[in-house]
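The next block holds one structure in the form of structure tokens; read it before the comments.
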Amino acid sequence: MHLVYPAVLSTLLFCTGLYGVLARRNAILVLMSVELMLNAVNLNLVAFDVWLRDTLHTGQALTLFVIAIAAAEIGIGLAIVLMVYRNRGTSDVDKLRDTAERQEPEAPAQKAEVTA
């Protein structure tokens with residue numbers, strides 16, 4: 001098996017996921033794009049494990065860890081997105097910016113009185 005084919009496929013998957021993270025506004029689509037990027041990494045790990053003929057199968061073991069971490073990440077991320085949607089009524093990432101940046105209204109400037 002040539003290493004070029006899975007490497008090119010992995011690169012395409014990773015670039016597609018990166019585009020999804022940078023261009024999408026919906027939080028669920030951003031989470032799906034992150035999963036696509038993690039699957040590209042998994043494909044690379046398994047391809048290099050097969051290509052190097054590793055006796056310990058380190059790439060496959062790391063792939064199992066990445067899958068477990070991705071499952072936990074998507075579960076927690078989806079729960080957060082659902083709670084934000086219930087509270088705010090939108091899952092638009094741009095509109096959620098005020099969650100962390102609470103700005104209080106500015107007080108009117110007080111004019112200094114000059115006494116003569």
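Following the order of the structure tokens, chains are lettered A, B, ..., residues in each are numbered from 1, and ligands are numbered from 1.
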
With a distance cut-off of 12 Å and only C-alpha atoms, select the neighbouring residues of Tyr19 of chain A, excluding the residue or stretch itself and same-chain residues fewer than 6 positions from it, and output the selection as a compact mmCIF listing (two decimals) with N, CA and C atoms, in the first residue's frame.
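This is the output file result-v7.txt:
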# COMPACT_ATOMS: atom_id res chain seq x y z
N LEU A 12 -7.04 16.26 2.57
CA LEU A 12 -8.30 16.82 2.09
C LEU A 12 -9.36 16.88 3.19
N LEU A 13 -9.46 15.81 3.99
CA LEU A 13 -10.40 15.81 5.10
C LEU A 13 -10.07 16.90 6.12
N ARG A 25 -20.95 29.46 11.07
CA ARG A 25 -21.42 30.21 12.22
C ARG A 25 -22.21 29.34 13.19
N LEU A 29 -22.35 22.76 13.41
CA LEU A 29 -21.50 22.52 12.24
C LEU A 29 -20.02 22.69 12.57
N VAL A 30 -19.71 23.58 13.49
CA VAL A 30 -18.32 23.73 13.93
C VAL A 30 -17.86 22.46 14.65
N MET A 32 -19.04 19.45 14.16
CA MET A 32 -18.89 18.41 13.13
C MET A 32 -17.59 18.59 12.35
N SER A 33 -17.18 19.82 12.13
CA SER A 33 -15.92 20.07 11.42
C SER A 33 -14.72 19.66 12.27
N VAL A 34 -14.81 19.87 13.57
CA VAL A 34 -13.73 19.42 14.46
C VAL A 34 -13.63 17.90 14.43
N LEU A 36 -14.40 16.02 11.92
CA LEU A 36 -13.81 15.68 10.63
C LEU A 36 -12.29 15.82 10.68
N MET A 37 -11.81 16.85 11.36
CA MET A 37 -10.37 17.03 11.51
C MET A 37 -9.76 15.91 12.34

Item to complete: Excluding Ile67 of chain A and any residue of its chain fewer than 6 positions from it, enumerate the residues within 9 Å of it, using only C-alpha atoms, and give them as a list of chain:residue names.
Response: A:Leu38, A:Asn39, A:Asn42

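When only C-alpha atoms are used to compute distances to Leu52 of chain A, the closest of the residues A:Arg24, A:Arg86, A:His2, A:Lys95 turns out to be A:His2.
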
Worksheet item: DSSP says helix (DSSP H, G or I) for which residues of segment 18-100 of chain A? Put them as a PyMOL selection string?
Response: chain A and resi 18-23+27-52+58-88+94-99

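Candidate residues A:Asp54, A:Asp92, A:Glu73, A:Asp49 were compared for distance to Glu35 of chain A, and the nearest is A:Glu73, using only C-alpha atoms.
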
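Here the question is which of A:Gly77, A:Val41, A:Ala71, A:Thr58 gets nearest to Cys15 of chain A using only C-alpha atoms, and that residue is A:Val41.
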
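When atom CA of Leu31 of chain A is paired with atom CA of Val8 of chain A, their separation reads 22.8 Å.
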
re atom CA of Gln60 of chain A and atom CA of Val46 of chain A: distance 5.5 Å

Using only C-alpha atoms, the best pick from A:Ala27, A:Leu62, A:Ala40, A:Ser10 as closest to Ile74 of chain A would be A:Ala27
